Structure formats: C-alpha cells, structure tokens
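Visitor: File name start_8.txt; file contents compact mmCIF, C-alpha atoms; full text below.
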```
# COMPACT_ATOMS: atom_id res chain seq x y z
CA MET O 1349 -138.85 -5.41 -3.28
CA ASP O 1350 -141.58 -5.94 -0.70
CA LEU O 1351 -139.88 -5.92 2.70
CA GLY O 1352 -142.92 -7.37 4.45
CA LEU O 1353 -143.13 -4.58 7.00
CA GLN O 1354 -146.82 -3.77 6.52
CA GLY O 1355 -148.50 -3.99 9.92
CA ARG O 1356 -145.28 -4.54 11.86
CA THR O 1357 -144.70 -2.36 14.93
CA ALA O 1358 -141.31 -0.66 15.18
CA LEU O 1359 -139.84 1.12 18.18
CA VAL O 1360 -136.99 3.43 17.16
CA CYS O 1361 -134.97 4.84 20.04
CA ALA O 1362 -133.58 8.39 19.92
CA SER O 1363 -135.32 9.10 16.64
CA THR O 1364 -136.18 12.80 16.59
CA GLN O 1365 -133.08 13.61 14.53
CA GLY O 1366 -130.09 12.13 12.75
CA LEU O 1367 -129.81 8.44 11.98
CA GLY O 1368 -132.64 7.44 14.29
CA ARG O 1369 -134.99 9.86 12.57
CA ALA O 1370 -133.96 8.56 9.13
CA CYS O 1371 -134.59 4.97 10.23
CA ALA O 1372 -138.02 5.83 11.64
CA GLU O 1373 -138.94 7.50 8.37
CA ALA O 1374 -137.74 4.55 6.28
CA LEU O 1375 -139.74 2.08 8.35
CA ALA O 1376 -142.85 4.26 8.14
CA THR O 1377 -142.42 4.48 4.37
CA GLU O 1378 -142.42 0.67 4.22
CA GLY O 1379 -145.74 0.48 6.04
CA ALA O 1380 -144.71 -0.18 9.63
CA GLN O 1381 -146.38 1.29 12.68
CA VAL O 1382 -143.58 3.44 14.11
CA VAL O 1383 -143.02 4.72 17.63
CA VAL O 1384 -140.66 7.70 17.69
CA ASN O 1385 -138.66 8.52 20.82
CA GLY O 1386 -136.89 11.60 22.10
CA ARG O 1387 -136.13 13.28 25.42
CA ASP O 1388 -138.08 16.48 24.70
CA ALA O 1389 -141.85 16.24 24.27
CA ASP O 1390 -142.12 19.14 21.81
CA ARG O 1391 -139.30 17.87 19.60
CA THR O 1392 -140.79 14.38 19.67
CA ALA O 1393 -144.19 15.68 18.61
CA GLU O 1394 -142.61 17.74 15.82
CA ALA O 1395 -140.68 14.69 14.57
CA VAL O 1396 -143.88 12.63 14.48
CA LYS O 1397 -145.64 15.35 12.50
CA SER O 1398 -142.75 15.70 10.04
CA ILE O 1399 -142.43 11.94 9.47
CA ILE O 1400 -146.16 11.66 8.78
CA GLU O 1401 -145.95 14.53 6.30
CA ALA O 1402 -142.93 13.00 4.57
CA THR O 1403 -144.30 9.47 4.32
CA GLY O 1404 -148.07 9.80 4.29
CA ALA O 1405 -148.18 7.43 7.28
CA THR O 1406 -151.22 9.05 8.89
CA GLY O 1407 -152.29 7.09 11.97
CA ARG O 1408 -149.16 4.93 11.90
CA VAL O 1409 -146.62 7.14 13.68
CA SER O 1410 -146.71 8.06 17.36
CA GLY O 1411 -144.21 9.45 19.84
CA VAL O 1412 -142.95 8.81 23.35
CA ALA O 1413 -140.92 11.41 25.21
CA ALA O 1414 -138.54 9.46 27.43
CA ASP O 1415 -134.89 9.64 28.44
CA LEU O 1416 -133.16 6.39 27.49
CA ASP O 1417 -130.37 7.10 29.94
CA THR O 1418 -132.67 6.57 32.92
CA ALA O 1419 -134.50 3.51 34.20
CA ASP O 1420 -137.72 5.54 34.44
CA GLY O 1421 -137.37 6.68 30.84
CA ARG O 1422 -136.85 3.15 29.58
CA HIS O 1423 -139.83 1.96 31.61
CA SER O 1424 -142.02 4.65 30.03
CA LEU O 1425 -140.82 3.75 26.56
CA LEU O 1426 -141.52 0.03 26.97
CA ALA O 1427 -144.85 0.72 28.65
CA ALA O 1428 -145.92 2.73 25.60
CA CYS O 1429 -144.72 0.05 23.16
CA PRO O 1430 -144.58 -3.26 25.06
CA ASP O 1431 -144.74 -5.68 22.12
CA PRO O 1432 -142.78 -4.33 19.15
CA ASP O 1433 -141.85 -6.56 16.24
CA ILE O 1434 -138.87 -4.34 15.50
CA VAL O 1435 -136.54 -2.40 17.78
CA VAL O 1436 -133.83 -0.03 16.62
CA THR O 1437 -131.54 0.91 19.49
CA ASN O 1438 -129.77 4.23 19.14
CA ASN O 1439 -128.48 7.02 21.33
CA ALA O 1440 -126.24 10.04 21.12
CA GLY O 1441 -122.56 9.20 21.44
CA PRO O 1442 -120.17 10.64 24.01
CA PRO O 1443 -118.18 13.72 23.00
CA PRO O 1444 -114.62 13.34 21.69
CA ALA O 1445 -111.97 13.71 24.37
CA VAL O 1446 -108.30 13.11 25.01
CA PHE O 1447 -108.06 9.70 26.70
CA THR O 1448 -106.23 10.97 29.79
CA ASP O 1449 -108.90 13.64 30.29
CA VAL O 1450 -111.85 11.23 30.39
CA SER O 1451 -113.25 11.28 33.92
CA PRO O 1452 -114.83 8.34 35.77
CA ALA O 1453 -118.18 10.11 35.48
CA ALA O 1454 -117.75 10.35 31.70
CA TRP O 1455 -116.98 6.63 31.46
CA LEU O 1456 -120.10 5.79 33.45
CA ALA O 1457 -122.24 8.12 31.34
CA ALA O 1458 -120.98 6.49 28.14
CA LEU O 1459 -121.72 3.01 29.45
CA GLU O 1460 -125.24 4.04 30.48
CA ALA O 1461 -126.07 5.77 27.20
CA ASN O 1462 -124.36 3.52 24.68
CA MET O 1463 -124.39 0.07 26.26
CA LEU O 1464 -126.65 -0.42 29.26
CA SER O 1465 -129.66 1.48 27.89
CA ALA O 1466 -129.74 -0.66 24.74
CA ILE O 1467 -129.29 -3.86 26.73
CA ALA O 1468 -132.21 -2.92 28.98
CA VAL O 1469 -134.50 -2.24 26.02
CA VAL O 1470 -133.53 -5.53 24.37
CA GLN O 1471 -134.14 -7.40 27.62
CA GLY O 1472 -137.58 -5.85 27.79
CA VAL O 1473 -138.73 -6.80 24.30
CA LEU O 1474 -136.94 -10.09 23.64
CA PRO O 1475 -139.24 -12.54 25.48
CA GLY O 1476 -142.28 -11.28 23.57
CA MET O 1477 -140.48 -11.56 20.25
CA GLN O 1478 -139.49 -15.12 21.05
CA ASP O 1479 -143.05 -16.04 22.04
CA ARG O 1480 -144.44 -14.60 18.79
CA GLY O 1481 -141.74 -16.22 16.65
CA PHE O 1482 -140.61 -12.99 15.01
CA GLY O 1483 -138.33 -10.16 15.99
CA ARG O 1484 -135.84 -7.77 14.45
CA ILE O 1485 -133.35 -5.90 16.60
CA VAL O 1486 -130.95 -3.47 14.95
CA ALA O 1487 -128.41 -1.58 17.05
CA ILE O 1488 -126.89 1.58 15.62
CA THR O 1489 -123.38 1.53 17.05
CA SER O 1490 -120.31 3.06 15.38
CA ALA O 1491 -117.32 2.36 13.17
CA MET O 1492 -115.33 2.84 16.39
CA VAL O 1493 -116.21 -0.76 17.25
CA LYS O 1494 -113.84 -1.99 14.52
CA SER O 1495 -111.66 1.09 13.97
CA PRO O 1496 -110.96 2.53 17.44
CA ASN O 1497 -109.91 6.16 17.67
CA ALA O 1498 -107.93 7.50 20.64
CA PHE O 1499 -110.21 10.56 20.85
CA MET O 1500 -113.32 8.35 21.08
CA THR O 1501 -112.44 5.84 23.79
CA PRO O 1502 -115.71 6.13 25.77
CA SER O 1503 -117.61 5.33 22.56
CA VAL O 1504 -115.21 2.50 21.74
CA GLY O 1505 -115.57 0.89 25.15
CA ALA O 1506 -119.34 1.15 25.50
CA ARG O 1507 -120.24 0.16 21.96
CA ALA O 1508 -117.74 -2.69 21.74
CA GLY O 1509 -119.25 -4.04 24.95
CA LEU O 1510 -122.76 -3.80 23.51
CA THR O 1511 -121.62 -5.51 20.32
CA GLY O 1512 -120.25 -8.47 22.28
CA VAL O 1513 -123.42 -8.87 24.31
CA LEU O 1514 -125.68 -8.72 21.26
CA LYS O 1515 -123.54 -11.21 19.34
CA ALA O 1516 -123.89 -13.72 22.18
CA VAL O 1517 -127.65 -13.22 22.45
CA ALA O 1518 -128.16 -13.42 18.66
CA ARG O 1519 -126.98 -17.02 18.64
CA GLU O 1520 -129.43 -17.97 21.38
CA VAL O 1521 -132.57 -16.51 19.80
CA ALA O 1522 -132.04 -17.19 16.09
CA SER O 1523 -134.11 -20.37 16.21
CA ASP O 1524 -137.01 -18.33 17.62
CA GLY O 1525 -137.18 -16.18 14.48
CA VAL O 1526 -135.42 -13.24 16.12
CA THR O 1527 -132.43 -11.58 14.45
CA ILE O 1528 -130.00 -9.14 16.04
CA ASN O 1529 -127.61 -7.07 13.95
CA CYS O 1530 -125.52 -3.91 14.33
CA LEU O 1531 -125.02 -1.00 11.95
CA LEU O 1532 -121.59 0.64 12.08
CA PRO O 1533 -121.91 4.07 10.43
CA GLU O 1534 -118.95 6.33 9.77
CA ARG O 1535 -118.65 9.68 8.03
CA ILE O 1536 -122.42 10.14 7.71
CA ASP O 1537 -123.63 13.71 7.15
CA THR O 1538 -125.32 14.29 10.51
CA GLY O 1539 -124.89 16.60 13.47
CA ARG O 1540 -122.41 14.15 14.92
CA GLN O 1541 -120.18 14.52 11.86
CA ARG O 1542 -120.42 18.29 12.14
CA GLN O 1543 -119.23 17.96 15.73
CA MET O 1544 -116.15 16.09 14.50
CA ALA O 1545 -115.54 18.71 11.81
CA GLU O 1546 -115.82 21.50 14.37
CA LEU O 1547 -113.30 19.69 16.53
CA ALA O 1548 -110.83 19.81 13.63
CA VAL O 1549 -111.55 23.53 13.24
CA SER O 1550 -110.79 24.23 16.90
CA PHE O 1551 -107.69 22.06 17.05
CA ARG O 1552 -106.12 23.01 13.73
CA GLY O 1553 -107.43 26.45 12.88
CA ILE O 1554 -108.94 25.47 9.53
CA THR O 1555 -112.33 26.46 8.18
CA LEU O 1556 -115.41 24.26 8.46
CA ASP O 1557 -115.48 23.77 4.68
CA GLU O 1558 -111.85 22.69 4.77
CA ALA O 1559 -112.62 20.26 7.58
CA TYR O 1560 -115.45 18.69 5.60
CA ALA O 1561 -113.27 18.48 2.49
CA GLU O 1562 -110.58 16.69 4.46
CA ILE O 1563 -113.11 14.23 5.84
CA ALA O 1564 -114.47 13.50 2.37
CA ALA O 1565 -110.94 12.95 1.08
CA THR O 1566 -110.48 10.06 3.52
CA ILE O 1567 -113.46 8.19 2.06
CA PRO O 1568 -112.98 6.08 -1.08
CA ALA O 1569 -116.50 7.06 -2.17
CA GLY O 1570 -115.32 10.68 -2.15
CA ARG O 1571 -118.26 11.99 -0.13
CA LEU O 1572 -120.03 11.75 3.19
CA GLY O 1573 -122.76 9.18 3.57
CA ARG O 1574 -126.41 10.17 3.70
CA PRO O 1575 -128.68 9.29 6.63
CA GLU O 1576 -131.20 7.76 4.25
CA GLU O 1577 -128.55 5.27 3.08
CA VAL O 1578 -128.11 4.03 6.64
CA ALA O 1579 -131.89 3.94 7.02
CA ALA O 1580 -132.32 1.79 3.91
CA ALA O 1581 -129.90 -0.78 5.31
CA CYS O 1582 -131.76 -0.70 8.61
CA ALA O 1583 -135.13 -1.27 6.91
CA PHE O 1584 -133.77 -4.28 5.03
CA LEU O 1585 -132.35 -5.86 8.19
CA CYS O 1586 -135.77 -5.36 9.81
CA SER O 1587 -137.57 -7.09 6.96
CA ASP O 1588 -138.89 -10.59 6.35
CA ARG O 1589 -136.23 -10.88 3.65
CA ALA O 1590 -133.39 -10.68 6.18
CA GLY O 1591 -134.39 -13.62 8.34
CA PHE O 1592 -131.10 -15.49 7.74
CA ILE O 1593 -128.88 -12.52 8.64
CA THR O 1594 -128.06 -12.29 12.32
CA GLY O 1595 -125.14 -11.53 14.61
CA GLN O 1596 -123.57 -9.28 11.99
CA ASN O 1597 -121.85 -5.89 12.04
CA LEU O 1598 -122.60 -4.02 8.82
CA GLN O 1599 -120.25 -1.14 8.08
CA LEU O 1600 -121.64 1.88 6.26
CA ASP O 1601 -118.57 3.95 5.53
CA GLY O 1602 -118.10 4.43 1.79
CA GLY O 1603 -115.24 1.93 1.84
CA ALA O 1604 -113.21 3.69 4.54
CA TYR O 1605 -112.50 0.61 6.65
CA GLU O 1606 -109.09 -0.77 5.65
CA GLY O 1607 -109.31 -4.17 7.33
CA LEU O 1608 -110.30 -7.45 5.72
CA ILE O 1609 -112.77 -8.74 8.30
```
Represent the supplied structure as structure tokens.
Guide:
Amino acid sequence: MDLGLQGRTALVCASTQGLGRACAEALATEGAQVVVNGRDADRTAEAVKSIIEATGATGRVSGVAADLDTADGRHSLLAACPDPDIVVTNNAGPPPAVFTDVSPAAWLAALEANMLSAIAVVQGVLPGMQDRGFGRIVAITSAMVKSPNAFMTPSVGARAGLTGVLKAVAREVASDGVTINCLLPERIDTGRQRQMAELAVSFRGITLDEAYAEIAATIPAGRLGRPEEVAAACAFLCSDRAGFITGQNLQLDGGAYEGLI
C-alpha cells in the first residue's frame, strides 16, 4: 500500500530511541523527510546516522538537539522545522511512584513533559497545516489514559489532559485536512518496559526474566509488543489513506485492555 508520504516533512519528537525512534525510521522508510529530535547532540547525530543506514534515506533525515521540556528547546525545534506536514509528539514518561509520595515538583514536571510540551508544539505547527490544507498529528501517549494505574498517576493526569485537549482541537481542524490522533501503547519491548520490570524485581524480589514472563502472561497475545508495530500504526495514521480518521485513541496492547470502549 502506498501511504503517500513521499516528499512529506515529518517532525518526530524525542526520537533518538524507543517508540519515537521506531516511528522516525518507519516514516523515513516510507519516503518522508524526517527531522529527529533528542536532548543530547551526539545521541541525536548517532540516531540520524543509524536511521539513514537502516532505511537508505540519504539526504532525507536530519536532527535537532533540543529539550522539549523547555520553551527554548521547543523554539529551537520549531525554528529548525517550521512547516512540517506531520508531527509525532512524544516524550519520556514520569517514573512510577506511590501516589502519596508524588511531590508537587513531580506533578509539575509530568505536566510539562507529557502535556504542555506537546500542546506547545501542536500550537506552533497547526496554523501552517491549516493554511496548506494537510496535516497529520499523532501523539504517543499511554494505555494509562484508559487503564489508570495507581503507581503511574503523574502519567495518567498529564496524558489524559493532553488527550482531552487534542480531541477538542481535532474536531475544529478536520475540515482543514488536518487529523489528530493518539497512540496508546502498552507492554511494548522498550526501555520503559524494562523500567517497569525492574520495579517488579525491586519490590518483589523476583528475577528480571521472571518479571518479563509475568508481564507477557498478562497479554492475550502472549508476548510484548515490538516498537516497529507501533511505528507501522503511526505511519498509517500519518498517511494520505488515513484522512477520515481523527480524534481517535488507538490502543496497541496485544488485547490487554479489558473494556469495551
């Protein structure tokens, strides 16, 4: 299937590793011009090099070292890529914590990283997308939006807030050819999942292999998801083919979600 991404410009936030990196690689594979972002200049340059080697996208992948959690970082990112056709918002999630131990500073940090930073990026690119009559915005959030966990309340609060904002905006810009959707990954084999497994090790005294086996046992698919599976869904939502899909929350969890809607 031709996704119609040849010549499109894609800005992928926090994309030197994990799900962001997988999405950047998928978009480059489909022919898009991809801007990779990370906090560290050396890691960003290495990610650009690796994505080019993996996809053959010579001359179509560049990098911007910028901290999404700061206004200056977001300004630098948008200055380097002011008119993207596609934006994938993404950022590292807050660490797990017992609810009563979450400090005011931790709440504010979660809101900045996982809600306000994405909103600021979307505000920066949306008028141009509307003027050009095409735009694809995909926010990588979390299964916590629909399946809240008491150890992940900063993530729940920030990402649920972002989801509500994006749903409202999606309705307003659909007639301009701009779609806005969220991906809700869970149990994907990334560093974040390792962090959760290590938490089980420290709390319960089991081995890392046992922790991973227990996680896999909770998934109807019987395994962890792969980053490239999330990336494939992202690429489709960014495509010409997905122009009638907007305001949606797509769960990527191997069937783990037990609810109906």
Visitor: Select, counting only C-alpha atoms, all protein, DNA and RNA residues no farther than 8 Å from (-144.2, 0.7, 9.9) in file coordinates, and express the selection as a JSON list (two decimals) with C-alpha atoms, in the frame of the given file.
Guide:
```json
[["chain", "number", "residue", "atom", "x", "y", "z"],
["O", 1353, "LEU", "CA", -143.13, -4.58, 7.00],
["O", 1354, "GLN", "CA", -146.82, -3.77, 6.52],
["O", 1355, "GLY", "CA", -148.50, -3.99, 9.92],
["O", 1356, "ARG", "CA", -145.28, -4.54, 11.86],
["O", 1357, "THR", "CA", -144.70, -2.36, 14.93],
["O", 1358, "ALA", "CA", -141.31, -0.66, 15.18],
["O", 1375, "LEU", "CA", -139.74, 2.08, 8.35],
["O", 1376, "ALA", "CA", -142.85, 4.26, 8.14],
["O", 1377, "THR", "CA", -142.42, 4.48, 4.37],
["O", 1378, "GLU", "CA", -142.42, 0.67, 4.22],
["O", 1379, "GLY", "CA", -145.74, 0.48, 6.04],
["O", 1380, "ALA", "CA", -144.71, -0.18, 9.63],
["O", 1381, "GLN", "CA", -146.38, 1.29, 12.68],
["O", 1382, "VAL", "CA", -143.58, 3.44, 14.11],
["O", 1408, "ARG", "CA", -149.16, 4.93, 11.90],
["O", 1409, "VAL", "CA", -146.62, 7.14, 13.68]]
```
Visitor: Kindly give the distance, in Å, that separates CA of Gly1512 in chain O and CA of Ala1428 in chain O, rounded to a single decimal.
Guide: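 These two atoms are separated by 28.2 Å.
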Visitor: Within 6 Å of (-125.5, 0.0, 25.1) (coordinates as in the file), grab all the protein and nucleic acid residues, counting all atoms listed in the file, and write them out as a PDB file with C-alpha atoms, keeping the file's coordinate frame.
Guide:
```pdb
ATOM      1  CA  ASN O1462    -124.360   3.520  24.680  1.00  0.00           C
ATOM      2  CA  MET O1463    -124.390   0.070  26.260  1.00  0.00           C
ATOM      3  CA  LEU O1464    -126.650  -0.420  29.260  1.00  0.00           C
ATOM      4  CA  SER O1465    -129.660   1.480  27.890  1.00  0.00           C
ATOM      5  CA  ALA O1466    -129.740  -0.660  24.740  1.00  0.00           C
ATOM      6  CA  ILE O1467    -129.290  -3.860  26.730  1.00  0.00           C
ATOM      7  CA  LEU O1510    -122.760  -3.800  23.510  1.00  0.00           C
TER       8      LEU O1510
END
```
Visitor: For CA of Arg1542 in chain O and CA of Pro1502 in chain O, determine how far apart the two atoms are, in Å to one decimal place.
Guide: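 Interatomic distance here is 18.9 Å.
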Visitor: To one decimal in Å, tell me the separation between CA of Cys1429 in chain O and CA of Val1578 in chain O.
Guide: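 We find that CA of Cys1429 in chain O and CA of Val1578 in chain O lie 23.8 Å from each other.
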Visitor: Using only C-alpha atoms, which protein or nucleic acid residues come within 8 Å of Cys1371 in chain O? Drop anything in the same chain fewer than 6 positions from it, and give the result as an MDAnalysis selection string.
Guide: chainID O and resid 1360 1363 1576 1578:1580 1582:1583
Visitor: Would you pick out the contacts of Ser1490 in chain O at 7 Å or less, using all atoms listed in the file, so that residues sharing its chain but fewer than 3 positions from it are not included, and give the list as a ChimeraX atom specification?
Guide: /O:1493,1532-1534
